[in-house]
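Undergrad: Got a structure here, written out as C-alpha cells. Questions coming.
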Amino acid sequence: MLEDIEDGTAAATRLAGGTPLHSTLDVADPADWLALDAGVREVAWHRPEFLPEWEQSAPLPADLTQLGESGLALALCHRDGRIRQEAVRQSVRYPRLLPLVVIRCADWVGPVRELARRLLREAVNVDSALDLAPLILRVGRRDRGAFGVDVLGQILRQASHGQLAVLYADPDRIVRRFAYRLAIEGQLLHPAELARAAAGDQDTVVQDLCATAALTALGDEDAYEDVLPPLLSARNPRTRSAGVTALRRAGRAEQAELFLSDRSALVRACARYVVRQQGGDPAAWYRERCTTPDDPDLPPGAVIGLAECGNRADARLLRPLLAHPAAGVRAQAVAGLRALDCADAEQLLPLLDDPAAGVLRETATALLPSAKELPADWLLERTSTDRPRHVRVGAFRLLDARGGTVALRAAVGLLEDPDMKLRTWAAQSVQHWHALPDGRRGDAEVGELLDRSRHLFSDYVLRRRKWEAGLDN
C-alpha cells in the first residue's frame with residue numbers, strides 16, 4: 001500500500017484527520033509500517049522551520065492518554081523522543097500498535113529504546129511473533145536492531161513445526177532463512193521435508209541450508225529413498241549437485257553417470273567427482289557419446305562436458321557437431337572448442353548466420369579474439385535490418401570489438417535500427433568511439449559519420465573527436 005516516505009507522509013495526514021489505522025495502511029505489510037514511521041517525521045528540509053503537514057492540521061495534545069489508536073500511532077513516530085517515549089508507554093492500550101513498538105526497539109534515543117524493548121518482551125507470544133517476524137527481521141538489519149531478532153528467536157524456538165510452516169512460505173527470503181534455521185536447530189523437519197524444501201525454494205541460501213541439513217541428518221545406514229529423489233530432480237543446480245555428491249555416500253555412485261551430461265556445469269563437475277571416486281573415466285564416457293555427430297539424442301551437456309575434462313585432441317570430435325541438427329548441441333560445440341582453445345575463425349564464421357540465437361551468441365564470443373581479422377564488409381552486411389535481430393547483434397558485437405572506422409560505420413548505421421536496445425547500444429558505441437592510433441588520419445568518411453551522429457555529442461566533444469581523427473574543423 002505505502003511504498004515510500006511520500007506515501008507515509010500522506011498516511012500520517014490521514015491518520016491525523018481521524019482515518020482508522022486499518023484503512024490507512026496494510027497492517028500486514030512491514031514496509032507500510034516503516035514508511036509511516038519515516039513519513040510522520042518528514043519535513044520540508046529546505047524550509048526546516050515548518051512542521052510536517054499533519055502537525056499543522058492536528059497537533060498532538062499534551063496529554064497522550066486522550067489519543068485514540070490513529071493519534072497514538074503518530075505519537076509513536078514523532079520527531080520528539082519524549083513524545084515517543086510516552087507513546088510507547090501508552091501503546092499497551094492498543095495491541096495493534098505493537099509493530100510500531102518493534103520499530104522503537106531500534107530507536108536512537110536510549111530511554112525510548114529500553115522501554116519499547118521491555119514492552120515487546122512482555123507482549124509478544126508465539127502467535128504474535130509469527131505475525132511480527134517479517135517486520136522484526138527487517139528492523140534487525142538496522143543499527144541497534146539485533147534485540148528484536150534475539151527475542152524473536154527465543155519465542156519461536158517454542159513454536160511447533162506447524163506454526164513455523166507459515167514462515168516457510170513467506171515471500172521475504174530473509175524470513176524463510178530464519179524460519180528454516182530455527183527448524184533445523186530444533187530438528188522440527190524430517191530429512192525428506194528438508195529435501196523437498198531445498199528443491200522447491202528459489203533462494204540459494206535456503207537451498208544450501210536445507211540440502212545440507214537433509215543429508216547431515218541421515219546416518220550411513222539410513223535409507224535415502226525419500227531424500228535423494230527430490231534433490232536429484234530439483235530445478236536448481238545447487239540442490240541437484242548436493243544430491244549427486246550424496247550418491248557416493250548412499251552407495252549409488254553408478255547413478256552419477258546420468259548427471260555427467262547435466263545442463264549445469266556444477267552438477268556435471270560433481271558427477272565427474274563421484275564417477276572418478278568409483279574408478280570411472282568421465283572423459284571416456286563423453287568421448288563415446290560424441291563419436292556419433294548425427295545422434296539426435298545427444299545431450300548438449302555431454303558436448304561441453306567433453307571440453308571440460310578432455311584435451312585439445314578432443315576438438316576433432318567437437319568440430320563435426322557444429323552441423324548437428326540440435327541448436328543446443330551446436331552452441332555447446334562452439335563453447336567447447338573455445339574452452340579447448342581450438343576455435344577456428346574460418347570454420348565458425350558461417351555460424352554467424354545460424355537461426356538459433358544461442359548458437360550465434362557462443363560463436364560471437366568465440367570469435368571476439370579474432371575480430372580484427374574477420375571480413376568487415378561481410379559483417380556489415382549482417383547489420384542490415386533485413387537480418388534477424390540476433391544476427392545483427394552478433395555482427396555488431398564483433399564490429400564494435402574491431403574498432404576503427406568500420407566500427408563507427410556500423411554503429412551509425414544502427415542508430416535507426418527498429419530494435420530499441422540495439423539502437424541504444426549503437427549510440428553508446430558512437431559516443432565512446434575514438435580514432436585508432438594506427439588508423440588512417442584525415443578520413444573524410446569519419447567526419448561524415450560523426451556529423452550524422454552529432455546529436456549524440458556536445459559541440460566541444462564533436463570537435464575533439466574530429467581533431468583526434470586528424471580532421472580539420
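By convention here, the chains of the C-alpha cells are called A, B, ... in the order presented, each chain's residues are numbered starting at 1, and ligands are numbered starting at 1 in the order presented.
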Near Thr363 in chain A, counting only C-alpha atoms, which residues have an atom at most 12 Å away, once you skip same-chain residues fewer than 5 positions from it, shown as number ranges by chain?
TA: A: 322, 330-338, 343-354, 356-358, 368-371, 390-391, 393-395, 397-398
Undergrad: Take the residues from that selection and put them in a file with N, CA and C atoms, as an mmCIF file, in the first residue's frame.
TA:
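And here is the file that came out, part-v5.cif:
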```cif
data_model
loop_
_atom_site.group_PDB
_atom_site.id
_atom_site.type_symbol
_atom_site.label_atom_id
_atom_site.label_comp_id
_atom_site.auth_asym_id
_atom_site.auth_seq_id
_atom_site.Cartn_x
_atom_site.Cartn_y
_atom_site.Cartn_z
ATOM 1 N N LEU A 322 29.330 -29.092 -35.033
ATOM 2 C CA LEU A 322 28.912 -27.740 -35.429
ATOM 3 C C LEU A 322 27.766 -27.775 -36.419
ATOM 4 N N ARG A 330 24.941 -27.586 -31.130
ATOM 5 C CA ARG A 330 25.822 -26.693 -31.905
ATOM 6 C C ARG A 330 26.431 -25.621 -30.995
ATOM 7 N N ALA A 331 25.607 -25.035 -30.139
ATOM 8 C CA ALA A 331 26.094 -23.983 -29.246
ATOM 9 C C ALA A 331 27.168 -24.515 -28.309
ATOM 10 N N GLN A 332 26.947 -25.696 -27.746
ATOM 11 C CA GLN A 332 27.932 -26.243 -26.821
ATOM 12 C C GLN A 332 29.185 -26.723 -27.547
ATOM 13 N N ALA A 333 29.052 -27.100 -28.805
ATOM 14 C CA ALA A 333 30.248 -27.466 -29.576
ATOM 15 C C ALA A 333 31.141 -26.246 -29.777
ATOM 16 N N VAL A 334 30.520 -25.112 -30.055
ATOM 17 C CA VAL A 334 31.294 -23.869 -30.194
ATOM 18 C C VAL A 334 31.948 -23.516 -28.859
ATOM 19 N N ALA A 335 31.163 -23.599 -27.775
ATOM 20 C CA ALA A 335 31.704 -23.281 -26.447
ATOM 21 C C ALA A 335 32.837 -24.239 -26.085
ATOM 22 N N GLY A 336 32.684 -25.496 -26.454
ATOM 23 C CA GLY A 336 33.729 -26.471 -26.163
ATOM 24 C C GLY A 336 35.014 -26.189 -26.914
ATOM 25 N N LEU A 337 34.910 -25.844 -28.191
ATOM 26 C CA LEU A 337 36.102 -25.513 -28.976
ATOM 27 C C LEU A 337 36.802 -24.284 -28.402
ATOM 28 N N ARG A 338 36.010 -23.327 -27.951
ATOM 29 C CA ARG A 338 36.613 -22.140 -27.334
ATOM 30 C C ARG A 338 37.323 -22.516 -26.041
ATOM 31 N N ALA A 343 39.183 -22.835 -31.325
ATOM 32 C CA ALA A 343 38.177 -22.178 -32.154
ATOM 33 C C ALA A 343 38.826 -21.629 -33.416
ATOM 34 N N ASP A 344 38.431 -22.152 -34.560
ATOM 35 C CA ASP A 344 38.976 -21.722 -35.842
ATOM 36 C C ASP A 344 38.002 -20.721 -36.464
ATOM 37 N N ALA A 345 38.482 -19.492 -36.692
ATOM 38 C CA ALA A 345 37.599 -18.431 -37.173
ATOM 39 C C ALA A 345 36.957 -18.789 -38.496
ATOM 40 N N GLU A 346 37.698 -19.360 -39.411
ATOM 41 C CA GLU A 346 37.161 -19.690 -40.733
ATOM 42 C C GLU A 346 36.045 -20.719 -40.626
ATOM 43 N N GLN A 347 36.198 -21.652 -39.718
ATOM 44 C CA GLN A 347 35.191 -22.697 -39.556
ATOM 45 C C GLN A 347 33.944 -22.189 -38.837
ATOM 46 N N LEU A 348 34.118 -21.242 -37.913
ATOM 47 C CA LEU A 348 32.990 -20.752 -37.135
ATOM 48 C C LEU A 348 32.224 -19.629 -37.822
ATOM 49 N N LEU A 349 32.845 -18.949 -38.753
ATOM 50 C CA LEU A 349 32.226 -17.777 -39.373
ATOM 51 C C LEU A 349 30.830 -18.054 -39.939
ATOM 52 N N PRO A 350 30.587 -19.179 -40.631
ATOM 53 C CA PRO A 350 29.230 -19.430 -41.162
ATOM 54 C C PRO A 350 28.159 -19.502 -40.088
ATOM 55 N N LEU A 351 28.542 -19.811 -38.861
ATOM 56 C CA LEU A 351 27.553 -19.922 -37.789
ATOM 57 C C LEU A 351 27.008 -18.559 -37.359
ATOM 58 N N LEU A 352 27.588 -17.466 -37.870
ATOM 59 C CA LEU A 352 27.033 -16.151 -37.583
ATOM 60 C C LEU A 352 25.718 -15.930 -38.319
ATOM 61 N N ASP A 353 25.333 -16.866 -39.176
ATOM 62 C CA ASP A 353 24.019 -16.842 -39.832
ATOM 63 C C ASP A 353 23.096 -17.902 -39.250
ATOM 64 N N ASP A 354 23.493 -18.532 -38.162
ATOM 65 C CA ASP A 354 22.702 -19.613 -37.578
ATOM 66 C C ASP A 354 21.333 -19.091 -37.139
ATOM 67 N N ALA A 356 19.593 -20.024 -34.673
ATOM 68 C CA ALA A 356 19.423 -20.057 -33.214
ATOM 69 C C ALA A 356 20.263 -18.963 -32.559
ATOM 70 N N ALA A 357 19.619 -18.153 -31.743
ATOM 71 C CA ALA A 357 20.324 -17.051 -31.081
ATOM 72 C C ALA A 357 21.416 -17.566 -30.145
ATOM 73 N N GLY A 358 21.181 -18.690 -29.465
ATOM 74 C CA GLY A 358 22.184 -19.226 -28.550
ATOM 75 C C GLY A 358 23.458 -19.630 -29.260
ATOM 76 N N LEU A 368 35.538 -13.255 -30.825
ATOM 77 C CA LEU A 368 35.981 -11.938 -30.361
ATOM 78 C C LEU A 368 37.497 -11.756 -30.425
ATOM 79 N N PRO A 369 38.314 -12.733 -30.029
ATOM 80 C CA PRO A 369 39.768 -12.526 -30.118
ATOM 81 C C PRO A 369 40.255 -12.335 -31.545
ATOM 82 N N SER A 370 39.452 -12.781 -32.528
ATOM 83 C CA SER A 370 39.847 -12.667 -33.940
ATOM 84 C C SER A 370 39.093 -11.560 -34.659
ATOM 85 N N ALA A 371 38.473 -10.649 -33.900
ATOM 86 C CA ALA A 371 37.591 -9.654 -34.512
ATOM 87 C C ALA A 371 38.286 -8.825 -35.585
ATOM 88 N N HIS A 390 19.120 -11.316 -33.758
ATOM 89 C CA HIS A 390 20.296 -11.921 -33.126
ATOM 90 C C HIS A 390 21.500 -11.925 -34.060
ATOM 91 N N VAL A 391 21.238 -11.934 -35.387
ATOM 92 C CA VAL A 391 22.344 -11.858 -36.351
ATOM 93 C C VAL A 391 22.945 -10.459 -36.330
ATOM 94 N N VAL A 393 22.891 -8.350 -33.847
ATOM 95 C CA VAL A 393 23.583 -8.170 -32.573
ATOM 96 C C VAL A 393 24.955 -8.840 -32.611
ATOM 97 N N GLY A 394 25.012 -10.077 -33.105
ATOM 98 C CA GLY A 394 26.288 -10.786 -33.146
ATOM 99 C C GLY A 394 27.302 -10.104 -34.042
ATOM 100 N N ALA A 395 26.843 -9.651 -35.214
ATOM 101 C CA ALA A 395 27.751 -8.985 -36.140
ATOM 102 C C ALA A 395 28.257 -7.663 -35.556
ATOM 103 N N ARG A 397 28.486 -6.860 -32.422
ATOM 104 C CA ARG A 397 29.380 -7.141 -31.290
ATOM 105 C C ARG A 397 30.820 -7.318 -31.777
ATOM 106 N N LEU A 398 30.983 -7.994 -32.883
ATOM 107 C CA LEU A 398 32.321 -8.216 -33.432
ATOM 108 C C LEU A 398 32.890 -6.951 -34.065
#
```
Undergrad: Applying 12 Å and only C-alpha atoms, which residues near Leu67 in chain A remain after dropping the ones on its own chain fewer than 2 positions away? List them as a list of chain:residue names.
TA: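 Once the nearby chain positions are removed, what remains is A:Leu15, A:Ala16, A:Gly18, A:Ala58, A:Pro59, A:Leu60, A:Pro61, A:Ala62, A:Asp63, A:Leu64, A:Thr65, A:Glu69, A:Ser70, A:Gly71, A:Leu72, A:Ala73, A:Leu74, A:Ala75, A:Leu76, A:Glu86, A:Ala87, A:Gln90, A:Ser91, A:Arg93, A:Tyr94.
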Undergrad: Would you work out the distance separating CA of Thr24 in chain A from CA of Glu42 in chain A, expressed in Å to one decimal?
TA: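 Result for CA of Thr24 in chain A versus CA of Glu42 in chain A: 17.2 Å, one decimal.
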Undergrad: Using only C-alpha atoms, which protein or nucleic acid residues come within 8 Å of Tyr180 in chain A? Drop anything in the same chain fewer than 2 positions from it, and give the result as a ChimeraX atom specification.
TA: /A:168,176-178,182-184,206,209-210
Undergrad: If you keep N, CA, C and O atoms, can you produce a file of those selected residues as an mmCIF file, in the first residue's frame?
TA:
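Result went into again-v8.cif, see below:
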```
data_model
loop_
_atom_site.group_PDB
_atom_site.id
_atom_site.type_symbol
_atom_site.label_atom_id
_atom_site.label_comp_id
_atom_site.auth_asym_id
_atom_site.auth_seq_id
_atom_site.Cartn_x
_atom_site.Cartn_y
_atom_site.Cartn_z
ATOM 1 N N TYR A 168 7.713 -20.554 6.335
ATOM 2 C CA TYR A 168 8.435 -21.220 5.251
ATOM 3 C C TYR A 168 7.994 -20.702 3.883
ATOM 4 O O TYR A 168 8.761 -20.765 2.913
ATOM 5 N N ARG A 176 12.240 -16.611 5.430
ATOM 6 C CA ARG A 176 12.333 -18.060 5.187
ATOM 7 C C ARG A 176 13.652 -18.614 5.727
ATOM 8 O O ARG A 176 13.691 -19.686 6.330
ATOM 9 N N ARG A 177 14.737 -17.906 5.505
ATOM 10 C CA ARG A 177 16.029 -18.359 6.020
ATOM 11 C C ARG A 177 15.987 -18.484 7.544
ATOM 12 O O ARG A 177 16.455 -19.476 8.117
ATOM 13 N N PHE A 178 15.423 -17.490 8.199
ATOM 14 C CA PHE A 178 15.356 -17.500 9.656
ATOM 15 C C PHE A 178 14.522 -18.679 10.142
ATOM 16 O O PHE A 178 14.912 -19.394 11.080
ATOM 17 N N LEU A 182 15.765 -22.037 12.380
ATOM 18 C CA LEU A 182 15.161 -22.444 13.652
ATOM 19 C C LEU A 182 14.665 -23.885 13.587
ATOM 20 O O LEU A 182 14.831 -24.654 14.541
ATOM 21 N N ALA A 183 14.040 -24.243 12.465
ATOM 22 C CA ALA A 183 13.513 -25.603 12.320
ATOM 23 C C ALA A 183 14.635 -26.635 12.323
ATOM 24 O O ALA A 183 14.509 -27.708 12.925
ATOM 25 N N ILE A 184 15.729 -26.301 11.669
ATOM 26 C CA ILE A 184 16.870 -27.231 11.631
ATOM 27 C C ILE A 184 17.510 -27.340 13.003
ATOM 28 O O ILE A 184 17.835 -28.432 13.481
ATOM 29 N N VAL A 206 18.587 -20.810 1.246
ATOM 30 C CA VAL A 206 17.664 -21.837 1.740
ATOM 31 C C VAL A 206 17.973 -23.185 1.092
ATOM 32 O O VAL A 206 17.942 -24.229 1.748
ATOM 33 N N LEU A 209 21.115 -24.525 2.766
ATOM 34 C CA LEU A 209 20.834 -24.796 4.166
ATOM 35 C C LEU A 209 20.052 -26.098 4.322
ATOM 36 O O LEU A 209 20.423 -26.977 5.115
ATOM 37 N N CYS A 210 18.975 -26.228 3.551
ATOM 38 C CA CYS A 210 18.098 -27.393 3.702
ATOM 39 C C CYS A 210 18.715 -28.653 3.101
ATOM 40 O O CYS A 210 18.577 -29.742 3.673
#
```
Undergrad: Write out as number ranges by chain the residues lying within 9 Å of range 224-233 of chain A, counting only C-alpha atoms and excluding same-chain residues fewer than 5 positions away.
TA: A: 191-200, 211, 214-215, 218, 239-244, 246-247, 250
Undergrad: Can those selected residues be exported to a file as a compact mmCIF listing (two decimals), in the first residue's frame so that it contains all heavy atoms?
TA:
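Dumped to result17.txt:
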```txt
# COMPACT_ATOMS: atom_id res chain seq x y z
N PRO A 191 14.34 -35.28 7.31
CA PRO A 191 15.22 -35.11 6.15
C PRO A 191 14.48 -35.01 4.83
O PRO A 191 14.85 -34.22 3.96
CB PRO A 191 16.10 -36.35 6.22
CG PRO A 191 16.16 -36.69 7.67
CD PRO A 191 14.80 -36.35 8.20
N ALA A 192 13.41 -35.78 4.67
CA ALA A 192 12.65 -35.72 3.41
C ALA A 192 11.98 -34.35 3.23
O ALA A 192 11.92 -33.81 2.12
CB ALA A 192 11.59 -36.82 3.38
N GLU A 193 11.49 -33.77 4.34
CA GLU A 193 10.88 -32.45 4.26
C GLU A 193 11.93 -31.40 3.91
O GLU A 193 11.66 -30.47 3.13
CB GLU A 193 10.21 -32.11 5.59
CG GLU A 193 9.00 -32.96 5.92
CD GLU A 193 8.44 -32.66 7.30
OE1 GLU A 193 9.20 -32.76 8.28
OE2 GLU A 193 7.24 -32.30 7.40
N LEU A 194 13.10 -31.53 4.49
CA LEU A 194 14.18 -30.61 4.16
C LEU A 194 14.59 -30.72 2.71
O LEU A 194 14.87 -29.72 2.04
CB LEU A 194 15.38 -30.87 5.07
CG LEU A 194 15.23 -30.47 6.54
CD1 LEU A 194 16.35 -31.06 7.38
CD2 LEU A 194 15.20 -28.96 6.68
N ALA A 195 14.62 -31.95 2.21
CA ALA A 195 14.99 -32.16 0.80
C ALA A 195 13.97 -31.51 -0.12
O ALA A 195 14.33 -30.88 -1.12
CB ALA A 195 15.10 -33.65 0.51
N ARG A 196 12.69 -31.64 0.22
CA ARG A 196 11.65 -31.01 -0.62
C ARG A 196 11.74 -29.49 -0.53
O ARG A 196 11.52 -28.79 -1.53
CB ARG A 196 10.27 -31.50 -0.18
CG ARG A 196 9.98 -32.94 -0.57
CD ARG A 196 8.50 -33.27 -0.41
NE ARG A 196 8.08 -33.26 0.99
CZ ARG A 196 8.14 -34.31 1.80
NH1 ARG A 196 8.63 -35.47 1.34
NH2 ARG A 196 7.72 -34.24 3.04
N ALA A 197 12.08 -28.97 0.65
CA ALA A 197 12.25 -27.52 0.79
C ALA A 197 13.42 -27.03 -0.05
O ALA A 197 13.34 -25.99 -0.71
CB ALA A 197 12.47 -27.16 2.26
N ALA A 198 14.52 -27.77 -0.03
CA ALA A 198 15.69 -27.39 -0.84
C ALA A 198 15.36 -27.40 -2.31
O ALA A 198 15.84 -26.55 -3.08
CB ALA A 198 16.85 -28.34 -0.55
N ALA A 199 14.54 -28.35 -2.73
CA ALA A 199 14.19 -28.45 -4.16
C ALA A 199 13.18 -27.41 -4.58
O ALA A 199 13.15 -27.00 -5.75
CB ALA A 199 13.64 -29.85 -4.45
N GLY A 200 12.35 -26.94 -3.64
CA GLY A 200 11.26 -26.04 -4.03
C GLY A 200 11.53 -24.57 -3.83
O GLY A 200 10.88 -23.73 -4.47
N ALA A 211 19.39 -28.53 1.98
CA ALA A 211 20.01 -29.71 1.38
C ALA A 211 21.10 -30.26 2.29
O ALA A 211 21.19 -31.48 2.52
CB ALA A 211 20.59 -29.36 0.01
N ALA A 214 19.46 -31.86 5.33
CA ALA A 214 18.80 -33.13 5.00
C ALA A 214 19.81 -34.26 4.93
O ALA A 214 19.57 -35.37 5.44
CB ALA A 214 18.05 -33.00 3.67
N LEU A 215 20.95 -34.01 4.31
CA LEU A 215 21.95 -35.06 4.15
C LEU A 215 22.72 -35.29 5.45
O LEU A 215 23.11 -36.42 5.76
CB LEU A 215 22.92 -34.68 3.02
CG LEU A 215 22.27 -34.61 1.64
CD1 LEU A 215 23.23 -34.04 0.62
CD2 LEU A 215 21.79 -35.98 1.20
N LEU A 218 20.99 -37.69 7.93
CA LEU A 218 20.96 -39.10 7.59
C LEU A 218 22.25 -39.77 8.05
O LEU A 218 23.34 -39.27 7.80
CB LEU A 218 20.80 -39.29 6.08
CG LEU A 218 19.44 -38.89 5.50
CD1 LEU A 218 19.49 -38.97 3.99
CD2 LEU A 218 18.33 -39.77 6.04
N THR A 239 21.02 -27.60 -5.61
CA THR A 239 20.39 -28.72 -4.91
C THR A 239 20.68 -30.04 -5.62
O THR A 239 20.96 -31.05 -4.97
CB THR A 239 18.87 -28.48 -4.81
OG1 THR A 239 18.63 -27.23 -4.16
CG2 THR A 239 18.20 -29.59 -4.03
N ARG A 240 20.62 -30.03 -6.94
CA ARG A 240 20.94 -31.26 -7.69
C ARG A 240 22.37 -31.70 -7.41
O ARG A 240 22.65 -32.88 -7.25
CB ARG A 240 20.77 -31.05 -9.20
CG ARG A 240 19.36 -31.02 -9.67
CD ARG A 240 19.21 -31.36 -11.14
NE ARG A 240 20.08 -30.63 -12.03
CZ ARG A 240 19.91 -29.39 -12.42
NH1 ARG A 240 18.86 -28.70 -11.98
NH2 ARG A 240 20.75 -28.80 -13.26
N SER A 241 23.29 -30.74 -7.35
CA SER A 241 24.69 -31.09 -7.12
C SER A 241 24.87 -31.72 -5.74
O SER A 241 25.67 -32.65 -5.56
CB SER A 241 25.59 -29.86 -7.26
OG SER A 241 25.31 -28.92 -6.24
N ALA A 242 24.11 -31.24 -4.74
CA ALA A 242 24.18 -31.85 -3.40
C ALA A 242 23.70 -33.29 -3.45
O ALA A 242 24.29 -34.19 -2.82
CB ALA A 242 23.35 -31.04 -2.41
N GLY A 243 22.63 -33.52 -4.21
CA GLY A 243 22.12 -34.88 -4.34
C GLY A 243 23.10 -35.80 -5.06
O GLY A 243 23.28 -36.96 -4.67
N VAL A 244 23.72 -35.28 -6.11
CA VAL A 244 24.68 -36.09 -6.87
C VAL A 244 25.87 -36.45 -5.98
O VAL A 244 26.33 -37.61 -5.98
CB VAL A 244 25.14 -35.33 -8.13
CG1 VAL A 244 26.32 -36.03 -8.78
CG2 VAL A 244 23.99 -35.21 -9.12
N ALA A 246 25.88 -36.81 -2.87
CA ALA A 246 25.45 -37.78 -1.85
C ALA A 246 25.28 -39.18 -2.40
O ALA A 246 25.14 -40.13 -1.61
CB ALA A 246 24.13 -37.30 -1.23
N LEU A 247 25.28 -39.35 -3.71
CA LEU A 247 25.11 -40.69 -4.28
C LEU A 247 26.21 -41.65 -3.83
O LEU A 247 25.96 -42.84 -3.60
CB LEU A 247 25.08 -40.60 -5.82
CG LEU A 247 23.81 -40.04 -6.43
CD1 LEU A 247 23.99 -39.79 -7.93
CD2 LEU A 247 22.62 -40.97 -6.18
N ALA A 250 25.54 -42.81 -0.39
CA ALA A 250 24.37 -43.69 -0.37
C ALA A 250 24.64 -45.03 -1.02
O ALA A 250 23.75 -45.88 -1.06
CB ALA A 250 23.20 -43.00 -1.07
```
Undergrad: For Tyr286 in chain A, find every residue with an atom within 6 Å (counting only C-alpha atoms), except residues of its own chain fewer than 3 positions away, and show them as a ChimeraX atom specification.
TA: /A:283,289,302,306
Undergrad: Could those residues be written to a file, using N, CA, C and O atoms, as a PDB file, in the first residue's frame?
TA:
```pdb
ATOM      1  N   ALA A 283      35.951 -38.728 -19.016  1.00  0.00           N
ATOM      2  CA  ALA A 283      36.359 -38.305 -20.362  1.00  0.00           C
ATOM      3  C   ALA A 283      36.017 -39.380 -21.390  1.00  0.00           C
ATOM      4  O   ALA A 283      35.533 -39.077 -22.488  1.00  0.00           O
ATOM      5  N   ARG A 289      30.015 -40.776 -26.380  1.00  0.00           N
ATOM      6  CA  ARG A 289      28.748 -40.180 -26.819  1.00  0.00           C
ATOM      7  C   ARG A 289      28.931 -39.157 -27.933  1.00  0.00           C
ATOM      8  O   ARG A 289      27.995 -38.873 -28.665  1.00  0.00           O
ATOM      9  N   ALA A 302      26.716 -33.286 -22.640  1.00  0.00           N
ATOM     10  CA  ALA A 302      27.808 -34.220 -22.922  1.00  0.00           C
ATOM     11  C   ALA A 302      28.866 -33.568 -23.803  1.00  0.00           C
ATOM     12  O   ALA A 302      30.055 -33.877 -23.702  1.00  0.00           O
ATOM     13  N   LEU A 306      32.743 -32.836 -22.429  1.00  0.00           N
ATOM     14  CA  LEU A 306      33.975 -33.348 -23.024  1.00  0.00           C
ATOM     15  C   LEU A 306      35.058 -32.280 -23.001  1.00  0.00           C
ATOM     16  O   LEU A 306      36.229 -32.566 -22.699  1.00  0.00           O
TER      17      LEU A 306
END
```
Undergrad: Would you mind telling me which residue in A:Ala133, A:Leu188, A:Ala123, A:Leu97 lies nearest to Arg173 in chain A when using only C-alpha atoms?
TA: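 Residue with the minimum atom-to-atom distance to Arg173 in chain A: A:Ala133.
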